[in-house]
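> Please find structure-v3.cif (mmCIF, C-alpha atoms) on the next line:
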data_run
#
loop_
_atom_site.group_PDB
_atom_site.id
_atom_site.type_symbol
_atom_site.label_atom_id
_atom_site.label_comp_id
_atom_site.auth_asym_id
_atom_site.auth_seq_id
_atom_site.Cartn_x
_atom_site.Cartn_y
_atom_site.Cartn_z
ATOM 1 C CA MET A 1 17.801 22.800 42.299
ATOM 2 C CA THR A 2 17.036 21.443 38.823
ATOM 3 C CA MET A 3 19.254 18.826 37.262
ATOM 4 C CA THR A 4 20.535 19.878 33.870
ATOM 5 C CA MET A 5 22.097 17.389 31.531
ATOM 6 C CA GLU A 6 22.606 16.749 27.841
ATOM 7 C CA ALA A 7 19.229 15.838 26.271
ATOM 8 C CA PRO A 8 18.916 12.430 24.618
ATOM 9 C CA VAL A 9 18.624 12.239 20.823
ATOM 10 C CA PRO A 10 15.874 9.967 19.465
ATOM 11 C CA VAL A 11 17.130 6.912 17.642
ATOM 12 C CA PHE A 12 15.652 6.961 14.150
ATOM 13 C CA GLU A 13 17.625 3.956 12.935
ATOM 14 C CA ASP A 14 18.518 5.384 9.591
ATOM 15 C CA GLU A 15 20.537 2.355 8.708
ATOM 16 C CA ALA A 16 18.208 -0.232 7.210
ATOM 17 C CA THR A 17 16.980 -2.542 9.934
ATOM 18 C CA GLY A 18 16.075 -5.060 7.266
ATOM 19 C CA ARG A 19 12.465 -5.039 8.398
ATOM 20 C CA LYS A 20 10.074 -5.646 5.550
ATOM 21 C CA ILE A 21 6.279 -5.926 5.376
ATOM 22 C CA ALA A 22 4.092 -7.630 2.777
ATOM 23 C CA ILE A 23 0.335 -7.127 2.849
ATOM 24 C CA ILE A 24 -2.013 -9.355 0.867
ATOM 25 C CA CYS A 25 -5.243 -7.510 0.054
ATOM 26 C CA SER A 26 -7.904 -10.044 -0.845
ATOM 27 C CA LYS A 27 -11.095 -8.082 -0.264
ATOM 28 C CA GLY A 28 -12.556 -5.320 -2.398
ATOM 29 C CA SER A 29 -15.103 -3.712 -0.134
ATOM 30 C CA LEU A 30 -14.487 -0.202 1.117
ATOM 31 C CA ASP A 31 -14.164 -1.280 4.751
ATOM 32 C CA MET A 32 -11.704 -4.063 3.928
ATOM 33 C CA ALA A 33 -9.571 -1.985 1.567
ATOM 34 C CA TYR A 34 -8.615 0.607 4.148
ATOM 35 C CA PRO A 35 -6.860 -1.560 6.784
ATOM 36 C CA GLY A 36 -4.208 -2.652 4.275
ATOM 37 C CA LEU A 37 -3.725 0.861 2.939
ATOM 38 C CA VAL A 38 -3.478 2.436 6.384
ATOM 39 C CA LEU A 39 -0.962 -0.152 7.598
ATOM 40 C CA ALA A 40 1.132 0.093 4.436
ATOM 41 C CA ASN A 41 1.253 3.862 4.778
ATOM 42 C CA ALA A 42 2.210 3.617 8.449
ATOM 43 C CA ALA A 43 4.978 1.110 7.686
ATOM 44 C CA LEU A 44 6.395 3.377 4.981
ATOM 45 C CA GLY A 45 6.375 6.284 7.409
ATOM 46 C CA GLU A 46 8.591 4.171 9.662
ATOM 47 C CA GLY A 47 11.063 3.608 6.862
ATOM 48 C CA ILE A 48 10.064 -0.027 6.293
ATOM 49 C CA GLU A 49 10.169 -1.664 2.851
ATOM 50 C CA THR A 50 6.510 -2.346 2.021
ATOM 51 C CA HIS A 51 4.794 -4.477 -0.630
ATOM 52 C CA LEU A 52 1.060 -4.764 -1.324
ATOM 53 C CA PHE A 53 -0.198 -7.791 -3.245
ATOM 54 C CA PHE A 54 -3.744 -7.546 -4.604
ATOM 55 C CA THR A 55 -5.602 -10.782 -5.171
ATOM 56 C CA PHE A 56 -9.175 -11.952 -5.813
ATOM 57 C CA TRP A 57 -11.678 -9.322 -4.697
ATOM 58 C CA GLY A 58 -8.758 -7.138 -3.649
ATOM 59 C CA PHE A 59 -8.278 -6.575 -7.378
ATOM 60 C CA ASP A 60 -11.081 -4.036 -7.234
ATOM 61 C CA ILE A 61 -8.714 -1.761 -5.294
ATOM 62 C CA ILE A 62 -6.342 -1.501 -8.281
ATOM 63 C CA ASN A 63 -8.788 -1.978 -11.147
ATOM 64 C CA LYS A 64 -9.144 1.475 -12.784
ATOM 65 C CA GLU A 65 -12.846 0.835 -13.341
ATOM 66 C CA THR A 66 -13.659 0.054 -9.722
ATOM 67 C CA MET A 67 -10.974 1.632 -7.505
ATOM 68 C CA GLY A 68 -12.853 4.888 -7.067
ATOM 69 C CA HIS A 69 -16.191 3.194 -6.385
ATOM 70 C CA LEU A 70 -15.618 0.574 -3.691
ATOM 71 C CA GLN A 71 -18.679 -0.056 -1.598
ATOM 72 C CA PHE A 72 -19.534 -0.928 1.941
ATOM 73 C CA THR A 73 -22.502 -3.118 2.726
ATOM 74 C CA PRO A 74 -23.886 -3.546 6.229
ATOM 75 C CA VAL A 75 -25.574 -6.832 5.204
ATOM 76 C CA GLY A 76 -24.170 -9.695 7.214
ATOM 77 C CA ASN A 77 -21.943 -7.393 9.233
ATOM 78 C CA PRO A 78 -22.936 -7.613 12.907
ATOM 79 C CA ALA A 79 -20.678 -4.667 13.714
ATOM 80 C CA SER A 80 -22.758 -2.275 11.652
ATOM 81 C CA HIS A 81 -25.170 -1.728 14.542
ATOM 82 C CA MET A 82 -28.255 -1.899 12.355
ATOM 83 C CA SER A 83 -31.282 -4.115 12.559
ATOM 84 C CA PRO A 84 -31.076 -7.042 10.110
ATOM 85 C CA MET A 85 -34.454 -5.941 8.743
ATOM 86 C CA VAL A 86 -33.107 -2.524 7.813
ATOM 87 C CA MET A 87 -29.786 -3.752 6.432
ATOM 88 C CA GLY A 88 -31.392 -5.582 3.548
ATOM 89 C CA LEU A 89 -33.537 -2.682 2.351
ATOM 90 C CA PRO A 90 -32.983 -1.505 -1.217
ATOM 91 C CA GLY A 91 -30.483 1.328 -1.408
ATOM 92 C CA MET A 92 -28.922 0.442 1.921
ATOM 93 C CA THR A 93 -25.489 -0.354 0.420
ATOM 94 C CA ALA A 94 -25.396 2.970 -1.394
ATOM 95 C CA PHE A 95 -26.450 4.761 1.763
ATOM 96 C CA ALA A 96 -23.940 2.946 3.996
ATOM 97 C CA THR A 97 -21.174 3.548 1.451
ATOM 98 C CA HIS A 98 -22.016 7.229 1.311
ATOM 99 C CA MET A 99 -21.951 7.466 5.089
ATOM 100 C CA MET A 100 -18.639 5.658 5.396
ATOM 101 C CA LYS A 101 -16.997 7.782 2.701
ATOM 102 C CA LYS A 102 -18.201 10.888 4.499
ATOM 103 C CA GLN A 103 -16.716 9.677 7.788
ATOM 104 C CA ILE A 104 -13.406 8.830 6.101
ATOM 105 C CA ASP A 105 -13.251 12.179 4.369
ATOM 106 C CA GLY A 106 -14.254 13.919 7.589
ATOM 107 C CA ILE A 107 -11.008 12.910 9.248
ATOM 108 C CA ASP A 108 -8.951 13.837 6.175
ATOM 109 C CA ILE A 109 -8.202 10.281 5.052
ATOM 110 C CA PRO A 110 -7.760 10.143 1.267
ATOM 111 C CA ASP A 111 -10.019 8.118 -1.050
ATOM 112 C CA VAL A 112 -8.611 4.893 -2.500
ATOM 113 C CA PRO A 113 -6.936 6.258 -5.659
ATOM 114 C CA GLU A 114 -5.281 9.101 -3.752
ATOM 115 C CA PHE A 115 -4.236 6.721 -0.984
ATOM 116 C CA LEU A 116 -2.451 4.507 -3.519
ATOM 117 C CA GLU A 117 -0.735 7.577 -4.938
ATOM 118 C CA MET A 118 0.433 8.549 -1.459
ATOM 119 C CA ILE A 119 1.694 5.016 -0.745
ATOM 120 C CA THR A 120 3.685 4.828 -3.970
ATOM 121 C CA ASP A 121 5.034 8.363 -3.449
ATOM 122 C CA ALA A 122 6.296 7.107 -0.096
ATOM 123 C CA GLY A 123 8.112 4.270 -1.868
ATOM 124 C CA GLY A 124 5.566 1.445 -1.490
ATOM 125 C CA HIS A 125 5.319 -1.329 -4.097
ATOM 126 C CA LEU A 126 2.037 -2.502 -5.649
ATOM 127 C CA TRP A 127 1.687 -5.945 -7.221
ATOM 128 C CA ALA A 128 -1.243 -7.679 -8.921
ATOM 129 C CA CYS A 129 -2.008 -11.401 -8.751
ATOM 130 C CA ARG A 130 -1.589 -13.346 -11.988
ATOM 131 C CA MET A 131 -4.373 -15.828 -11.347
ATOM 132 C CA SER A 132 -6.898 -13.098 -10.513
ATOM 133 C CA ALA A 133 -5.924 -11.180 -13.656
ATOM 134 C CA ASP A 134 -6.410 -14.310 -15.762
ATOM 135 C CA MET A 135 -9.749 -15.140 -14.117
ATOM 136 C CA MET A 136 -11.093 -11.639 -14.649
ATOM 137 C CA HIS A 137 -9.509 -11.253 -18.103
ATOM 138 C CA LEU A 138 -7.629 -8.143 -17.053
ATOM 139 C CA SER A 139 -4.230 -6.949 -18.231
ATOM 140 C CA GLU A 140 -1.836 -4.278 -16.983
ATOM 141 C CA SER A 141 -3.633 -1.629 -19.010
ATOM 142 C CA ASP A 142 -6.787 -2.229 -16.925
ATOM 143 C CA LEU A 143 -4.910 -1.644 -13.697
ATOM 144 C CA TYR A 144 -3.842 1.484 -11.835
ATOM 145 C CA GLU A 145 -0.726 2.714 -13.610
ATOM 146 C CA ARG A 146 1.504 2.515 -10.533
ATOM 147 C CA VAL A 147 1.036 -1.253 -10.176
ATOM 148 C CA GLU A 148 4.537 -2.555 -10.884
ATOM 149 C CA GLY A 149 3.486 -5.823 -12.422
ATOM 150 C CA ILE A 150 1.203 -8.832 -12.552
ATOM 151 C CA ILE A 151 3.072 -11.562 -10.758
ATOM 152 C CA SER A 152 2.508 -15.211 -9.864
ATOM 153 C CA ALA A 153 2.008 -16.594 -6.388
ATOM 154 C CA SER A 154 5.566 -17.959 -6.417
ATOM 155 C CA ASP A 155 6.928 -14.568 -7.462
ATOM 156 C CA PHE A 156 5.165 -13.084 -4.450
ATOM 157 C CA ILE A 157 6.584 -15.735 -2.140
ATOM 158 C CA GLU A 158 10.023 -14.916 -3.498
ATOM 159 C CA LEU A 159 9.757 -11.164 -3.116
ATOM 160 C CA SER A 160 8.262 -11.414 0.365
ATOM 161 C CA GLU A 161 11.206 -13.396 1.661
ATOM 162 C CA GLY A 162 11.988 -12.238 5.176
ATOM 163 C CA ALA A 163 8.871 -10.017 5.292
ATOM 164 C CA GLN A 164 6.233 -9.918 7.968
ATOM 165 C CA THR A 165 3.164 -10.884 5.976
ATOM 166 C CA LEU A 166 -0.408 -9.816 6.656
ATOM 167 C CA PHE A 167 -3.444 -11.319 4.949
ATOM 168 C CA ILE A 168 -6.456 -9.055 4.814
ATOM 169 C CA MET B 1 20.771 20.885 27.499
ATOM 170 C CA ILE B 2 20.844 20.993 23.707
ATOM 171 C CA GLY B 3 23.685 22.998 22.206
ATOM 172 C CA GLY B 4 23.724 25.470 25.060
ATOM 173 C CA HIS B 5 19.909 25.801 25.283
ATOM 174 C CA GLU B 6 18.256 24.698 28.459
ATOM 175 C CA VAL B 7 15.043 22.907 27.461
ATOM 176 C CA HIS B 8 12.612 20.246 28.667
ATOM 177 C CA VAL B 9 12.478 16.988 26.743
ATOM 178 C CA ASP B 10 10.763 13.607 27.053
ATOM 179 C CA ALA B 11 12.563 10.290 27.526
ATOM 180 C CA GLU B 12 13.354 10.057 23.815
ATOM 181 C CA GLY B 13 14.560 13.628 23.460
ATOM 182 C CA PHE B 14 11.491 15.325 21.921
ATOM 183 C CA LEU B 15 10.874 18.834 23.287
ATOM 184 C CA THR B 16 7.893 19.037 25.605
ATOM 185 C CA GLU B 17 7.460 22.819 25.829
ATOM 186 C CA TYR B 18 6.257 24.560 22.662
ATOM 187 C CA GLU B 19 7.677 27.889 23.770
ATOM 188 C CA GLU B 20 11.195 26.658 24.365
ATOM 189 C CA TRP B 21 11.864 26.156 20.675
ATOM 190 C CA ASP B 22 13.516 28.644 18.351
ATOM 191 C CA GLU B 23 15.064 28.438 14.908
ATOM 192 C CA ASP B 24 18.565 28.328 16.282
ATOM 193 C CA LEU B 25 17.641 25.312 18.383
ATOM 194 C CA ALA B 26 16.024 23.675 15.333
ATOM 195 C CA LYS B 27 19.369 23.793 13.547
ATOM 196 C CA GLN B 28 20.965 22.031 16.482
ATOM 197 C CA LEU B 29 18.186 19.410 16.642
ATOM 198 C CA ALA B 30 18.536 18.816 12.905
ATOM 199 C CA ALA B 31 22.289 18.408 13.242
ATOM 200 C CA ASN B 32 21.711 15.851 16.022
ATOM 201 C CA ILE B 33 19.940 13.602 13.525
ATOM 202 C CA GLY B 34 22.253 14.321 10.621
ATOM 203 C CA LEU B 35 20.179 16.921 8.772
ATOM 204 C CA ASP B 36 21.357 20.206 7.315
ATOM 205 C CA LEU B 37 18.311 22.444 6.936
ATOM 206 C CA ASP B 38 17.567 24.247 3.684
ATOM 207 C CA ASP B 39 14.563 26.385 2.669
ATOM 208 C CA ARG B 40 12.435 23.361 1.858
ATOM 209 C CA HIS B 41 13.015 21.862 5.297
ATOM 210 C CA TRP B 42 12.057 25.209 6.831
ATOM 211 C CA ASP B 43 8.773 25.301 4.897
ATOM 212 C CA ALA B 44 7.807 21.976 6.455
ATOM 213 C CA ILE B 45 8.990 22.932 9.930
ATOM 214 C CA ARG B 46 7.196 26.285 9.894
ATOM 215 C CA PHE B 47 3.990 24.624 8.707
ATOM 216 C CA LEU B 48 4.262 22.107 11.532
ATOM 217 C CA ARG B 49 4.821 24.860 14.116
ATOM 218 C CA ASP B 50 1.922 27.012 12.885
ATOM 219 C CA ASP B 51 -0.410 24.049 12.548
ATOM 220 C CA TYR B 52 0.387 22.845 16.056
ATOM 221 C CA GLU B 53 -0.355 26.270 17.447
ATOM 222 C CA LYS B 54 -3.783 26.234 15.781
ATOM 223 C CA GLN B 55 -4.704 22.579 16.202
ATOM 224 C CA GLY B 56 -2.966 21.638 19.425
ATOM 225 C CA GLU B 57 -1.528 18.491 17.898
ATOM 226 C CA THR B 58 1.296 17.606 15.544
ATOM 227 C CA ALA B 59 0.300 17.306 11.885
ATOM 228 C CA THR B 60 0.580 13.877 10.284
ATOM 229 C CA LEU B 61 2.453 13.469 6.991
ATOM 230 C CA ARG B 62 -0.872 13.386 5.200
ATOM 231 C CA ARG B 63 -1.789 16.750 6.695
ATOM 232 C CA VAL B 64 1.572 18.295 5.789
ATOM 233 C CA THR B 65 0.798 17.254 2.219
ATOM 234 C CA SER B 66 -2.930 17.997 2.005
ATOM 235 C CA ILE B 67 -2.984 21.218 4.034
ATOM 236 C CA GLY B 68 0.672 22.281 4.000
ATOM 237 C CA GLY B 69 0.996 21.592 0.277
ATOM 238 C CA ILE B 70 4.321 19.758 0.446
ATOM 239 C CA PRO B 71 4.286 16.569 -1.679
ATOM 240 C CA THR B 72 4.769 13.209 0.058
ATOM 241 C CA LYS B 73 7.769 12.387 -2.127
ATOM 242 C CA GLU B 74 9.513 15.585 -1.135
ATOM 243 C CA LEU B 75 8.969 14.921 2.579
ATOM 244 C CA PHE B 76 10.651 11.537 2.216
ATOM 245 C CA GLU B 77 13.573 13.228 0.449
ATOM 246 C CA LEU B 78 13.940 15.978 3.029
ATOM 247 C CA PHE B 79 13.562 13.789 6.115
ATOM 248 C CA PRO B 80 14.565 10.326 4.920
ATOM 249 C CA LYS B 81 12.985 7.123 6.239
ATOM 250 C CA LYS B 82 10.867 8.522 9.056
ATOM 251 C CA PRO B 83 9.725 11.955 7.915
ATOM 252 C CA ALA B 84 6.848 12.477 10.353
ATOM 253 C CA LYS B 85 8.910 11.799 13.458
ATOM 254 C CA LYS B 86 12.018 13.593 12.228
ATOM 255 C CA MET B 87 10.023 16.696 11.323
ATOM 256 C CA ALA B 88 8.315 16.707 14.702
ATOM 257 C CA TYR B 89 11.663 16.366 16.470
ATOM 258 C CA VAL B 90 13.259 19.264 14.613
ATOM 259 C CA ALA B 91 10.123 21.397 15.040
ATOM 260 C CA GLY B 92 10.213 20.799 18.790
ATOM 261 C CA LEU B 93 6.827 19.078 18.831
ATOM 262 C CA PRO B 94 5.536 15.711 20.081
ATOM 263 C CA LYS B 95 5.395 12.792 17.643
ATOM 264 C CA PRO B 96 2.197 12.884 15.568
ATOM 265 C CA ALA B 97 -0.599 10.794 17.084
ATOM 266 C CA GLY B 98 -2.791 10.359 13.989
ATOM 267 C CA CYS B 99 -2.822 7.138 11.917
ATOM 268 C CA VAL B 100 -2.724 8.656 8.437
#
Rewrite the structure of this file - the entire thing - as structure tokens.

Amino acid sequence: MTMTMEAPVPVFEDEATGRKIAIICSKGSLDMAYPGLVLANAALGEGIETHLFFTFWGFDIINKETMGHLQFTPVGNPASHMSPMVMGLPGMTAFATHMMKKQIDGIDIPDVPEFLEMITDAGGHLWACRMSADMMHLSESDLYERVEGIISASDFIELSEGAQTLFI
Amino acid sequence: MIGGHEVHVDAEGFLTEYEEWDEDLAKQLAANIGLDLDDRHWDAIRFLRDDYEKQGETATLRRVTSIGGIPTKELFELFPKKPAKKMAYVAGLPKPAGCV
């Protein structure tokens, strides 16, 4: 005899749990841009308020000039499984970048500009670091149009109150 | 039991047998999580069902957008807060396993 009973209903916690995530993106290489974007996207898919703060080299992710051309270099990266002799050869960065982009695309992961579009469509917030903007002589017009503002370190501390913060 | 249908579910309540789902049941599942299905919901649910049949796994949000052609923003409107899991639940499929 099979037991039949009322099936459970998953708890989706529609009411805000108050959980909040802030991710500081400080690196502008292709391989270091993706972790922050993937996590932000996952958090948004769980209904969590999510902020991304781009600073230093991470600025390349939101700089209109560079965002579509981030690179990956195997030099100095022991996880790249290449001989140190080969890593330093001319053209190796371009080759490694090409390979990585192909792998990313192969599993239907969007490129950086499209990823940012997806994140903001899902309700994510993008912020740029004031000091980095000043250092690089960049203004809002140089940045991806969905960046909400160039803010100071203290502004970021304020808006990330109560957030779980990741530094990448 | 879900609204008079005898079905198999996992510990959380997601259906485990693809064949046990029908549109009538979907309405009941949607009601369980506070959703009233309109045509736009159905487009997403039907895509998810068809895609699962072909791929053998539940489409991620990204896939519903890139292959199914339903914009991300719309998915968050239709299935607020946790669209991927809510869609899977209503479509009688397991939660998506992909990262993006």
> Select from chain B every residue with an atom at most 10 Å from any atom of chain A, then for each give the shortest pair of atoms and their distance in Å to one decimal, using all atoms listed in the file, rows by chain and rising number, as JSON lines.

{"residue": "B:Met1", "atom": "CA", "partner": "A:Glu6", "partner_atom": "CA", "distance": 4.5}
{"residue": "B:Ile2", "atom": "CA", "partner": "A:Ala7", "partner_atom": "CA", "distance": 6.0}
{"residue": "B:Gly3", "atom": "CA", "partner": "A:Glu6", "partner_atom": "CA", "distance": 8.5}
{"residue": "B:Gly4", "atom": "CA", "partner": "A:Glu6", "partner_atom": "CA", "distance": 9.2}
{"residue": "B:His5", "atom": "CA", "partner": "A:Glu6", "partner_atom": "CA", "distance": 9.8}
{"residue": "B:Glu6", "atom": "CA", "partner": "A:Thr4", "partner_atom": "CA", "distance": 7.6}
{"residue": "B:Val7", "atom": "CA", "partner": "A:Ala7", "partner_atom": "CA", "distance": 8.3}
{"residue": "B:His8", "atom": "CA", "partner": "A:Ala7", "partner_atom": "CA", "distance": 8.3}
{"residue": "B:Val9", "atom": "CA", "partner": "A:Ala7", "partner_atom": "CA", "distance": 6.9}
{"residue": "B:Asp10", "atom": "CA", "partner": "A:Pro8", "partner_atom": "CA", "distance": 8.6}
{"residue": "B:Ala11", "atom": "CA", "partner": "A:Pro8", "partner_atom": "CA", "distance": 7.3}
{"residue": "B:Glu12", "atom": "CA", "partner": "A:Pro10", "partner_atom": "CA", "distance": 5.0}
{"residue": "B:Gly13", "atom": "CA", "partner": "A:Pro8", "partner_atom": "CA", "distance": 4.7}
{"residue": "B:Phe14", "atom": "CA", "partner": "A:Pro10", "partner_atom": "CA", "distance": 7.3}
{"residue": "B:Leu15", "atom": "CA", "partner": "A:Ala7", "partner_atom": "CA", "distance": 9.4}
{"residue": "B:Leu29", "atom": "CA", "partner": "A:Val9", "partner_atom": "CA", "distance": 8.3}
{"residue": "B:Asn32", "atom": "CA", "partner": "A:Val9", "partner_atom": "CA", "distance": 6.8}
{"residue": "B:Ile33", "atom": "CA", "partner": "A:Val9", "partner_atom": "CA", "distance": 7.5}
{"residue": "B:Gly34", "atom": "CA", "partner": "A:Asp14", "partner_atom": "CA", "distance": 9.7}
{"residue": "B:Thr60", "atom": "CA", "partner": "A:Gly45", "partner_atom": "CA", "distance": 10.0}
{"residue": "B:Leu61", "atom": "CA", "partner": "A:Gly45", "partner_atom": "CA", "distance": 8.2}
{"residue": "B:Arg62", "atom": "CA", "partner": "A:Ile109", "partner_atom": "CA", "distance": 8.0}
{"residue": "B:Arg63", "atom": "CA", "partner": "A:Asp108", "partner_atom": "CA", "distance": 7.7}
{"residue": "B:Thr65", "atom": "CA", "partner": "A:Met118", "partner_atom": "CA", "distance": 9.5}
{"residue": "B:Ser66", "atom": "CA", "partner": "A:Asp108", "partner_atom": "CA", "distance": 8.4}
{"residue": "B:Ile67", "atom": "CA", "partner": "A:Asp108", "partner_atom": "CA", "distance": 9.7}
{"residue": "B:Pro71", "atom": "CA", "partner": "A:Asp121", "partner_atom": "CA", "distance": 8.4}
{"residue": "B:Thr72", "atom": "CA", "partner": "A:Asp121", "partner_atom": "CA", "distance": 6.0}
{"residue": "B:Lys73", "atom": "CA", "partner": "A:Asp121", "partner_atom": "CA", "distance": 5.0}
{"residue": "B:Glu74", "atom": "CA", "partner": "A:Asp121", "partner_atom": "CA", "distance": 8.8}
{"residue": "B:Leu75", "atom": "CA", "partner": "A:Ala122", "partner_atom": "CA", "distance": 8.7}
{"residue": "B:Phe76", "atom": "CA", "partner": "A:Ala122", "partner_atom": "CA", "distance": 6.6}
{"residue": "B:Glu77", "atom": "CA", "partner": "A:Ala122", "partner_atom": "CA", "distance": 9.5}
{"residue": "B:Pro80", "atom": "CA", "partner": "A:Gly47", "partner_atom": "CA", "distance": 7.8}
{"residue": "B:Lys81", "atom": "CA", "partner": "A:Gly47", "partner_atom": "CA", "distance": 4.1}
{"residue": "B:Lys82", "atom": "CA", "partner": "A:Glu46", "partner_atom": "CA", "distance": 4.9}
{"residue": "B:Pro83", "atom": "CA", "partner": "A:Gly45", "partner_atom": "CA", "distance": 6.6}
{"residue": "B:Ala84", "atom": "CA", "partner": "A:Gly45", "partner_atom": "CA", "distance": 6.9}
{"residue": "B:Lys85", "atom": "CA", "partner": "A:Phe12", "partner_atom": "CA", "distance": 8.3}
{"residue": "B:Lys86", "atom": "CA", "partner": "A:Phe12", "partner_atom": "CA", "distance": 7.8}
{"residue": "B:Tyr89", "atom": "CA", "partner": "A:Pro10", "partner_atom": "CA", "distance": 8.2}
{"residue": "B:Gly98", "atom": "CA", "partner": "A:Ile107", "partner_atom": "CA", "distance": 9.8}
{"residue": "B:Cys99", "atom": "CA", "partner": "A:Ala42", "partner_atom": "CA", "distance": 7.1}
{"residue": "B:Val100", "atom": "CA", "partner": "A:Val38", "partner_atom": "CA", "distance": 6.6}
> As a check of understanding, name the residues that the PyMOL selection byres ((chain A and resi 138) around 12) selects in the supplied structure, as JSON, numbers by chain.
{"A": [56, 59, 60, 62, 63, 64, 65, 128, 129, 130, 131, 132, 133, 134, 135, 136, 137, 139, 140, 141, 142, 143, 144, 150]}
> Quote the spacing between CA of Pro94 in chain B and CA of Leu35 in chain B in Å to one decimal place.
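Going from CA of Pro94 in chain B over to CA of Leu35 in chain B, I get 18.5 Å.
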> Apply the PyMOL selection byres ((chain B and resi 91) around 10) to the structure shown and report the selected residues as a list in words.
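Output of the PyMOL selection byres ((chain B and resi 91) around 10): Phe14, Leu15, Tyr18, Trp21, Asp22, Glu23, Leu25, Ala26, Lys27, Leu29, Ala30, Trp42, Ala44, Ile45, Arg46, Phe47, Leu48, Arg49, Tyr52, Thr58, Lys85, Lys86, Met87, Ala88, Tyr89, Val90, Gly92, Leu93 and Pro94 of chain B.
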> State, in Å with one decimal place, the distance from CA of Gly68 in chain A to CA of Ser80 in chain A.
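Here the two named atoms are 22.4 Å from each other.
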> Suppose you want the space between CA of Gly149 in chain A and CA of Gly18 in chain A; what is it in Å?
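Atom-to-atom, CA of Gly149 in chain A to CA of Gly18 in chain A, that is 23.4 Å.
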> Considering only C-alpha atoms, return as a PyMOL selection string whatever protein or nucleic-acid residues lie within 12 Å of Met82 in chain A, sequence-local ones (same chain, fewer than 6 positions apart) excluded.
chain A and resi 73-76+88-89+92+96
> So which residues get picked by the PyMOL selection byres ((chain A and resi 166) around 10) here, written as a PDB file with C-alpha atoms, in the frame of the given file?

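Ended up saving to result.pdb:
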ATOM      1  CA  ILE A  21       6.279  -5.926   5.376  1.00  0.00           C
ATOM      2  CA  ALA A  22       4.092  -7.630   2.777  1.00  0.00           C
ATOM      3  CA  ILE A  23       0.335  -7.127   2.849  1.00  0.00           C
ATOM      4  CA  ILE A  24      -2.013  -9.355   0.867  1.00  0.00           C
ATOM      5  CA  CYS A  25      -5.243  -7.510   0.054  1.00  0.00           C
ATOM      6  CA  GLY A  36      -4.208  -2.652   4.275  1.00  0.00           C
ATOM      7  CA  LEU A  39      -0.962  -0.152   7.598  1.00  0.00           C
ATOM      8  CA  LEU A  52       1.060  -4.764  -1.324  1.00  0.00           C
ATOM      9  CA  ALA A 163       8.871 -10.017   5.292  1.00  0.00           C
ATOM     10  CA  GLN A 164       6.233  -9.918   7.968  1.00  0.00           C
ATOM     11  CA  THR A 165       3.164 -10.884   5.976  1.00  0.00           C
ATOM     12  CA  PHE A 167      -3.444 -11.319   4.949  1.00  0.00           C
ATOM     13  CA  ILE A 168      -6.456  -9.055   4.814  1.00  0.00           C
TER      14      ILE A 168
END
> Can you fill out range 51-63 of chain A with N, CA and C atoms and hand it back as a PDB file, in the coordinates of the input?

ATOM      1  N   HIS A  51       5.385  -3.960   0.614  1.00  0.00           N
ATOM      2  CA  HIS A  51       4.794  -4.477  -0.630  1.00  0.00           C
ATOM      3  C   HIS A  51       3.319  -4.782  -0.407  1.00  0.00           C
ATOM      4  N   LEU A  52       2.484  -4.417  -1.379  1.00  0.00           N
ATOM      5  CA  LEU A  52       1.060  -4.764  -1.324  1.00  0.00           C
ATOM      6  C   LEU A  52       0.773  -5.696  -2.494  1.00  0.00           C
ATOM      7  N   PHE A  53       0.127  -6.810  -2.203  1.00  0.00           N
ATOM      8  CA  PHE A  53      -0.198  -7.791  -3.245  1.00  0.00           C
ATOM      9  C   PHE A  53      -1.714  -7.904  -3.305  1.00  0.00           C
ATOM     10  N   PHE A  54      -2.286  -7.574  -4.468  1.00  0.00           N
ATOM     11  CA  PHE A  54      -3.744  -7.546  -4.604  1.00  0.00           C
ATOM     12  C   PHE A  54      -4.226  -8.814  -5.286  1.00  0.00           C
ATOM     13  N   THR A  55      -5.137  -9.516  -4.632  1.00  0.00           N
ATOM     14  CA  THR A  55      -5.602 -10.782  -5.171  1.00  0.00           C
ATOM     15  C   THR A  55      -7.119 -10.923  -5.013  1.00  0.00           C
ATOM     16  N   PHE A  56      -7.719 -11.751  -5.824  1.00  0.00           N
ATOM     17  CA  PHE A  56      -9.175 -11.952  -5.813  1.00  0.00           C
ATOM     18  C   PHE A  56      -9.948 -10.637  -5.710  1.00  0.00           C
ATOM     19  N   TRP A  57     -10.820 -10.528  -4.738  1.00  0.00           N
ATOM     20  CA  TRP A  57     -11.678  -9.322  -4.697  1.00  0.00           C
ATOM     21  C   TRP A  57     -10.842  -8.080  -4.437  1.00  0.00           C
ATOM     22  N   GLY A  58      -9.657  -8.259  -3.894  1.00  0.00           N
ATOM     23  CA  GLY A  58      -8.758  -7.138  -3.649  1.00  0.00           C
ATOM     24  C   GLY A  58      -8.360  -6.450  -4.950  1.00  0.00           C
ATOM     25  N   PHE A  59      -8.575  -7.155  -6.072  1.00  0.00           N
ATOM     26  CA  PHE A  59      -8.278  -6.575  -7.378  1.00  0.00           C
ATOM     27  C   PHE A  59      -9.069  -5.303  -7.637  1.00  0.00           C
ATOM     28  N   ASP A  60     -10.245  -5.226  -7.030  1.00  0.00           N
ATOM     29  CA  ASP A  60     -11.081  -4.036  -7.234  1.00  0.00           C
ATOM     30  C   ASP A  60     -10.380  -2.766  -6.752  1.00  0.00           C
ATOM     31  N   ILE A  61      -9.422  -2.931  -5.832  1.00  0.00           N
ATOM     32  CA  ILE A  61      -8.714  -1.761  -5.294  1.00  0.00           C
ATOM     33  C   ILE A  61      -7.765  -1.159  -6.341  1.00  0.00           C
ATOM     34  N   ILE A  62      -7.295  -2.005  -7.274  1.00  0.00           N
ATOM     35  CA  ILE A  62      -6.342  -1.501  -8.281  1.00  0.00           C
ATOM     36  C   ILE A  62      -6.900  -1.528  -9.697  1.00  0.00           C
ATOM     37  N   ASN A  63      -8.146  -1.991  -9.835  1.00  0.00           N
ATOM     38  CA  ASN A  63      -8.788  -1.978 -11.147  1.00  0.00           C
ATOM     39  C   ASN A  63      -9.287  -0.549 -11.407  1.00  0.00           C
TER      40      ASN A  63
END
